[in-house]
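Structure below is final-v2.tsv: TSV, N, CA and C atoms.
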```tsv
chain	number	residue	atom	x	y	z
A	1	MET	N	0.84	-1.18	0.00
A	1	MET	CA	0.00	0.00	0.00
A	1	MET	C	0.88	1.24	0.00
A	2	ASP	N	0.55	2.17	-0.85
A	2	ASP	CA	1.26	3.43	-0.89
A	2	ASP	C	0.47	4.48	-0.13
A	3	VAL	N	1.20	5.37	0.53
A	3	VAL	CA	0.54	6.48	1.22
A	3	VAL	C	0.22	7.54	0.19
A	4	ARG	N	-1.03	7.90	0.11
A	4	ARG	CA	-1.47	8.92	-0.83
A	4	ARG	C	-1.70	10.21	-0.06
A	5	TYR	N	-1.15	11.29	-0.54
A	5	TYR	CA	-1.26	12.57	0.15
A	5	TYR	C	-2.45	13.36	-0.40
A	6	THR	N	-3.64	12.86	-0.09
A	6	THR	CA	-4.87	13.50	-0.54
A	6	THR	C	-5.77	13.78	0.66
A	7	LYS	N	-6.75	14.63	0.45
A	7	LYS	CA	-7.72	14.93	1.50
A	7	LYS	C	-8.49	13.67	1.91
A	8	GLN	N	-8.79	12.81	0.94
A	8	GLN	CA	-9.54	11.60	1.24
A	8	GLN	C	-8.74	10.68	2.17
A	9	PHE	N	-7.43	10.56	1.92
A	9	PHE	CA	-6.60	9.73	2.79
A	9	PHE	C	-6.48	10.35	4.18
A	10	LEU	N	-6.41	11.68	4.24
A	10	LEU	CA	-6.39	12.37	5.52
A	10	LEU	C	-7.65	12.07	6.31
A	11	HIS	N	-8.80	12.06	5.63
A	11	HIS	CA	-10.07	11.77	6.30
A	11	HIS	C	-10.10	10.32	6.80
A	12	LYS	N	-9.48	9.41	6.07
A	12	LYS	CA	-9.42	8.01	6.53
A	12	LYS	C	-8.61	7.90	7.81
A	13	LEU	N	-7.49	8.63	7.88
A	13	LEU	CA	-6.67	8.61	9.09
A	13	LEU	C	-7.42	9.25	10.25
A	14	GLU	N	-8.13	10.34	9.97
A	14	GLU	CA	-8.91	11.00	11.02
A	14	GLU	C	-10.02	10.08	11.52
A	15	ASP	N	-10.56	9.25	10.63
A	15	ASP	CA	-11.61	8.31	11.01
A	15	ASP	C	-11.09	7.26	11.99
A	16	ILE	N	-9.84	6.86	11.83
A	16	ILE	CA	-9.23	5.91	12.78
A	16	ILE	C	-9.19	6.54	14.17
A	17	PHE	N	-8.79	7.80	14.24
A	17	PHE	CA	-8.76	8.49	15.53
A	17	PHE	C	-10.16	8.65	16.10
A	18	ALA	N	-11.14	8.89	15.25
A	18	ALA	CA	-12.51	9.07	15.73
A	18	ALA	C	-13.04	7.80	16.39
A	19	GLU	N	-12.63	6.64	15.89
A	19	GLU	CA	-13.10	5.38	16.46
A	19	GLU	C	-12.25	4.91	17.64
A	20	SER	N	-11.09	5.52	17.83
A	20	SER	CA	-10.21	5.10	18.93
A	20	SER	C	-10.50	5.92	20.18
A	21	ASP	N	-9.71	5.66	21.22
A	21	ASP	CA	-9.84	6.40	22.47
A	21	ASP	C	-9.21	7.78	22.38
A	22	TYR	N	-8.38	8.00	21.38
A	22	TYR	CA	-7.67	9.27	21.26
A	22	TYR	C	-8.54	10.35	20.62
A	23	VAL	N	-8.36	11.57	21.09
A	23	VAL	CA	-9.05	12.73	20.53
A	23	VAL	C	-8.04	13.46	19.65
A	24	LEU	N	-8.42	13.73	18.42
A	24	LEU	CA	-7.54	14.43	17.49
A	24	LEU	C	-8.00	15.87	17.39
A	25	ARG	N	-7.06	16.79	17.61
A	25	ARG	CA	-7.39	18.21	17.51
A	25	ARG	C	-6.35	18.90	16.64
A	26	TYR	N	-6.81	19.90	15.89
A	26	TYR	CA	-5.92	20.75	15.11
A	26	TYR	C	-5.87	22.11	15.80
A	27	GLU	N	-4.69	22.48	16.27
A	27	GLU	CA	-4.50	23.73	16.99
A	27	GLU	C	-3.23	24.41	16.48
A	28	LYS	N	-3.12	25.69	16.74
A	28	LYS	CA	-1.87	26.36	16.42
A	28	LYS	C	-0.92	26.16	17.59
A	29	GLY	N	0.34	26.09	17.28
A	29	GLY	CA	1.32	25.88	18.33
A	29	GLY	C	2.72	25.78	17.78
A	30	ASN	N	3.67	25.82	18.66
A	30	ASN	CA	5.08	25.74	18.28
A	30	ASN	C	5.61	24.34	18.59
A	31	PHE	N	5.04	23.34	17.95
A	31	PHE	CA	5.47	21.97	18.17
A	31	PHE	C	6.70	21.71	17.31
A	32	LYS	N	7.75	21.21	17.91
A	32	LYS	CA	8.97	20.96	17.16
A	32	LYS	C	8.77	19.88	16.10
A	33	ALA	N	7.95	18.88	16.40
A	33	ALA	CA	7.70	17.80	15.45
A	33	ALA	C	6.44	18.06	14.63
A	34	GLY	N	5.72	19.14	14.91
A	34	GLY	CA	4.48	19.43	14.19
A	34	GLY	C	3.27	18.87	14.90
A	35	TYR	N	3.51	18.12	15.98
A	35	TYR	CA	2.39	17.55	16.72
A	35	TYR	C	2.80	17.34	18.17
A	36	CYS	N	1.81	17.09	19.00
A	36	CYS	CA	2.03	16.82	20.41
A	36	CYS	C	1.03	15.75	20.82
A	37	VAL	N	1.50	14.74	21.55
A	37	VAL	CA	0.62	13.68	22.03
A	37	VAL	C	0.62	13.70	23.55
A	38	LEU	N	-0.55	13.89	24.12
A	38	LEU	CA	-0.71	13.84	25.57
A	38	LEU	C	-1.26	12.47	25.91
A	39	LYS	N	-0.37	11.54	26.21
A	39	LYS	CA	-0.77	10.13	26.34
A	39	LYS	C	-1.65	9.88	27.55
A	40	ASP	N	-1.45	10.63	28.64
A	40	ASP	CA	-2.28	10.41	29.83
A	40	ASP	C	-3.74	10.75	29.58
A	41	THR	N	-3.98	11.80	28.81
A	41	THR	CA	-5.35	12.20	28.51
A	41	THR	C	-5.83	11.74	27.14
A	42	LYS	N	-4.93	11.04	26.41
A	42	LYS	CA	-5.24	10.49	25.08
A	42	LYS	C	-5.72	11.57	24.11
A	43	ILE	N	-4.92	12.62	23.99
A	43	ILE	CA	-5.19	13.71	23.06
A	43	ILE	C	-4.00	13.85	22.13
A	44	ALA	N	-4.26	13.93	20.84
A	44	ALA	CA	-3.23	14.19	19.84
A	44	ALA	C	-3.52	15.55	19.21
A	45	ILE	N	-2.54	16.43	19.23
A	45	ILE	CA	-2.71	17.78	18.70
A	45	ILE	C	-1.75	17.97	17.53
A	46	VAL	N	-2.28	18.39	16.40
A	46	VAL	CA	-1.49	18.60	15.19
A	46	VAL	C	-1.58	20.08	14.83
A	47	ASN	N	-0.48	20.62	14.32
A	47	ASN	CA	-0.44	22.02	13.91
A	47	ASN	C	-1.46	22.25	12.79
A	48	LYS	N	-2.40	23.15	13.03
A	48	LYS	CA	-3.48	23.36	12.06
A	48	LYS	C	-3.03	24.09	10.80
A	49	TYR	N	-1.86	24.70	10.83
A	49	TYR	CA	-1.36	25.43	9.67
A	49	TYR	C	-0.56	24.56	8.72
A	50	TYR	N	-0.40	23.29	9.05
A	50	TYR	CA	0.31	22.38	8.17
A	50	TYR	C	-0.50	22.12	6.90
A	51	THR	N	0.21	21.78	5.85
A	51	THR	CA	-0.44	21.38	4.60
A	51	THR	C	-1.03	19.98	4.79
A	52	THR	N	-1.77	19.52	3.82
A	52	THR	CA	-2.32	18.16	3.88
A	52	THR	C	-1.21	17.13	4.02
A	53	ASP	N	-0.12	17.32	3.28
A	53	ASP	CA	1.01	16.38	3.37
A	53	ASP	C	1.58	16.36	4.78
A	54	GLY	N	1.75	17.52	5.37
A	54	GLY	CA	2.30	17.61	6.72
A	54	GLY	C	1.39	16.98	7.75
A	55	LYS	N	0.09	17.18	7.61
A	55	LYS	CA	-0.87	16.60	8.54
A	55	LYS	C	-0.86	15.07	8.44
A	56	ILE	N	-0.81	14.56	7.21
A	56	ILE	CA	-0.78	13.10	7.02
A	56	ILE	C	0.49	12.52	7.63
A	57	ASN	N	1.62	13.15	7.41
A	57	ASN	CA	2.87	12.65	7.98
A	57	ASN	C	2.82	12.66	9.51
A	58	CYS	N	2.25	13.71	10.09
A	58	CYS	CA	2.12	13.78	11.55
A	58	CYS	C	1.22	12.67	12.06
A	59	LEU	N	0.08	12.46	11.40
A	59	LEU	CA	-0.85	11.42	11.85
A	59	LEU	C	-0.23	10.04	11.74
A	60	LEU	N	0.55	9.80	10.69
A	60	LEU	CA	1.23	8.51	10.55
A	60	LEU	C	2.24	8.30	11.67
A	61	GLU	N	2.99	9.35	12.00
A	61	GLU	CA	3.96	9.25	13.10
A	61	GLU	C	3.26	8.99	14.43
A	62	ILE	N	2.13	9.65	14.63
A	62	ILE	CA	1.38	9.46	15.87
A	62	ILE	C	0.86	8.03	15.95
A	63	LEU	N	0.31	7.53	14.85
A	63	LEU	CA	-0.22	6.16	14.85
A	63	LEU	C	0.86	5.13	15.12
A	64	LYS	N	2.09	5.42	14.70
A	64	LYS	CA	3.20	4.50	14.96
A	64	LYS	C	3.60	4.52	16.43
A	65	SER	N	3.35	5.63	17.12
A	65	SER	CA	3.86	5.77	18.49
A	65	SER	C	2.84	5.46	19.57
A	66	ILE	N	1.56	5.28	19.22
A	66	ILE	CA	0.53	5.01	20.22
A	66	ILE	C	-0.04	3.62	20.03
A	67	GLN	N	-0.70	3.13	21.05
A	67	GLN	CA	-1.38	1.84	20.98
A	67	GLN	C	-2.88	2.09	20.81
A	68	ILE	N	-3.45	1.52	19.77
A	68	ILE	CA	-4.88	1.67	19.51
A	68	ILE	C	-5.53	0.30	19.68
A	69	ASP	N	-6.65	0.29	20.38
A	69	ASP	CA	-7.41	-0.93	20.59
A	69	ASP	C	-8.10	-1.32	19.28
A	70	LEU	N	-7.64	-2.41	18.67
A	70	LEU	CA	-8.20	-2.84	17.38
A	70	LEU	C	-9.65	-3.29	17.50
A	71	ASN	N	-10.06	-3.72	18.68
A	71	ASN	CA	-11.44	-4.17	18.86
A	71	ASN	C	-12.44	-3.02	18.73
A	72	ALA	N	-11.98	-1.79	18.95
A	72	ALA	CA	-12.87	-0.64	18.86
A	72	ALA	C	-13.03	-0.15	17.43
A	73	LEU	N	-12.21	-0.64	16.51
A	73	LEU	CA	-12.24	-0.15	15.13
A	73	LEU	C	-13.16	-0.99	14.26
A	74	SER	N	-13.66	-0.35	13.21
A	74	SER	CA	-14.45	-1.08	12.21
A	74	SER	C	-13.50	-1.93	11.38
A	75	ASP	N	-14.05	-2.87	10.64
A	75	ASP	CA	-13.22	-3.76	9.81
A	75	ASP	C	-12.41	-2.97	8.79
A	76	LYS	N	-13.02	-1.95	8.22
A	76	LYS	CA	-12.35	-1.12	7.22
A	76	LYS	C	-11.13	-0.43	7.83
A	77	ASN	N	-11.29	0.13	9.02
A	77	ASN	CA	-10.18	0.83	9.67
A	77	ASN	C	-9.14	-0.13	10.22
A	78	LYS	N	-9.54	-1.33	10.64
A	78	LYS	CA	-8.57	-2.34	11.06
A	78	LYS	C	-7.65	-2.70	9.90
A	79	LYS	N	-8.26	-2.89	8.73
A	79	LYS	CA	-7.48	-3.25	7.55
A	79	LYS	C	-6.50	-2.13	7.19
A	80	LEU	N	-6.97	-0.89	7.22
A	80	LEU	CA	-6.10	0.24	6.90
A	80	LEU	C	-4.96	0.35	7.90
A	81	LEU	N	-5.26	0.20	9.18
A	81	LEU	CA	-4.23	0.30	10.21
A	81	LEU	C	-3.21	-0.82	10.08
A	82	ASN	N	-3.67	-2.03	9.77
A	82	ASN	CA	-2.73	-3.14	9.57
A	82	ASN	C	-1.83	-2.88	8.37
A	83	GLU	N	-2.38	-2.30	7.30
A	83	GLU	CA	-1.56	-1.96	6.14
A	83	GLU	C	-0.54	-0.89	6.49
A	84	LEU	N	-0.93	0.06	7.32
A	84	LEU	CA	0.01	1.11	7.74
A	84	LEU	C	1.12	0.52	8.60
A	85	TYR	N	0.79	-0.45	9.45
A	85	TYR	CA	1.82	-1.11	10.25
A	85	TYR	C	2.77	-1.90	9.36
A	86	GLN	N	2.28	-2.47	8.25
A	86	GLN	CA	3.14	-3.19	7.31
A	86	GLN	C	4.15	-2.23	6.69
A	87	ILE	N	3.70	-1.03	6.35
A	87	ILE	CA	4.61	-0.02	5.79
A	87	ILE	C	5.68	0.30	6.80
A	88	LYS	N	5.30	0.44	8.07
A	88	LYS	CA	6.24	0.75	9.13
A	88	LYS	C	7.32	-0.33	9.23
A	89	LEU	N	6.93	-1.59	9.10
A	89	LEU	CA	7.87	-2.69	9.21
A	89	LEU	C	8.82	-2.75	8.03
A	90	GLU	N	8.36	-2.30	6.87
A	90	GLU	CA	9.19	-2.35	5.66
A	90	GLU	C	10.25	-1.25	5.64
A	91	LEU	N	10.02	-0.17	6.36
A	91	LEU	CA	10.97	0.96	6.33
A	91	LEU	C	12.22	0.69	7.07
```

Encoding of this model in structure tokens:
Amino acid sequence: MDVRYTKQFLHKLEDIFAESDYVLRYEKGNFKAGYCVLKDTKIAIVNKYYTTDGKINCLLEILKSIQIDLNALSDKNKKLLNELYQIKLEL
């Protein structure tokens, strides 16, 4: 699976967060990595001024660094997340 830098792919990644325990927010801020993850409160904050490419890259990095309960996800999002984990293993 190739990562596509489109609005539709961004919405798919946001959908994974919507079904998980994590809350995804777009805020302005001086994040060195472009995002901030508050693991105790399960909030992920991404710089709202980033381009679509930047937002997708941030969300992919966040998904690699957090644990998401697969039982809470729909079959479609489980499949997408498993494909994203495969990409992570290949890098």

Write out as a PyMOL selection string all residues of chain A that DSSP puts in helix (DSSP H, G or I) for this structure's backbone. chain A and resi 7-19+52-65+70-72+75-90

Find the residues around stretch 75-82 of chain A up to 7 Å (all atoms listed in the file counted), leave out those fewer than 4 positions away in its own chain, and share them as a CSV table (one decimal) with N, CA and C atoms, in the coordinates of the input.
```csv
chain,number,residue,atom,x,y,z
A,15,ASP,N,-10.6,9.2,10.6
A,15,ASP,CA,-11.6,8.3,11.0
A,15,ASP,C,-11.1,7.3,12.0
A,16,ILE,N,-9.8,6.9,11.8
A,16,ILE,CA,-9.2,5.9,12.8
A,16,ILE,C,-9.2,6.5,14.2
A,70,LEU,N,-7.6,-2.4,18.7
A,70,LEU,CA,-8.2,-2.8,17.4
A,70,LEU,C,-9.6,-3.3,17.5
A,86,GLN,N,2.3,-2.5,8.2
A,86,GLN,CA,3.1,-3.2,7.3
A,86,GLN,C,4.2,-2.2,6.7
A,87,ILE,N,3.7,-1.0,6.4
A,87,ILE,CA,4.6,0.0,5.8
A,87,ILE,C,5.7,0.3,6.8
```

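Distances to A:Val23 were evaluated for A:Arg4, A:Lys64, A:Lys55, A:Lys42 using all atoms listed in the file, and the minimum falls at A:Lys42.
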
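Atom to atom, atom C of A:Tyr50 and atom N of A:Asp69 stand 26.4 Å apart.
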
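Distance annotation: of A:Leu60, A:Tyr22, A:Ser74, A:Phe17, the residue with the minimal separation from A:Val37 is A:Tyr22; atom set is only C-alpha atoms.
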
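The two atoms in question, atom CA of A:Leu24 and atom CA of A:Ile43, are spaced 6.1 Å apart.
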
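Note that the spacing between atom C of A:Arg25 and atom CA of A:Val3 amounts to 21.0 Å.
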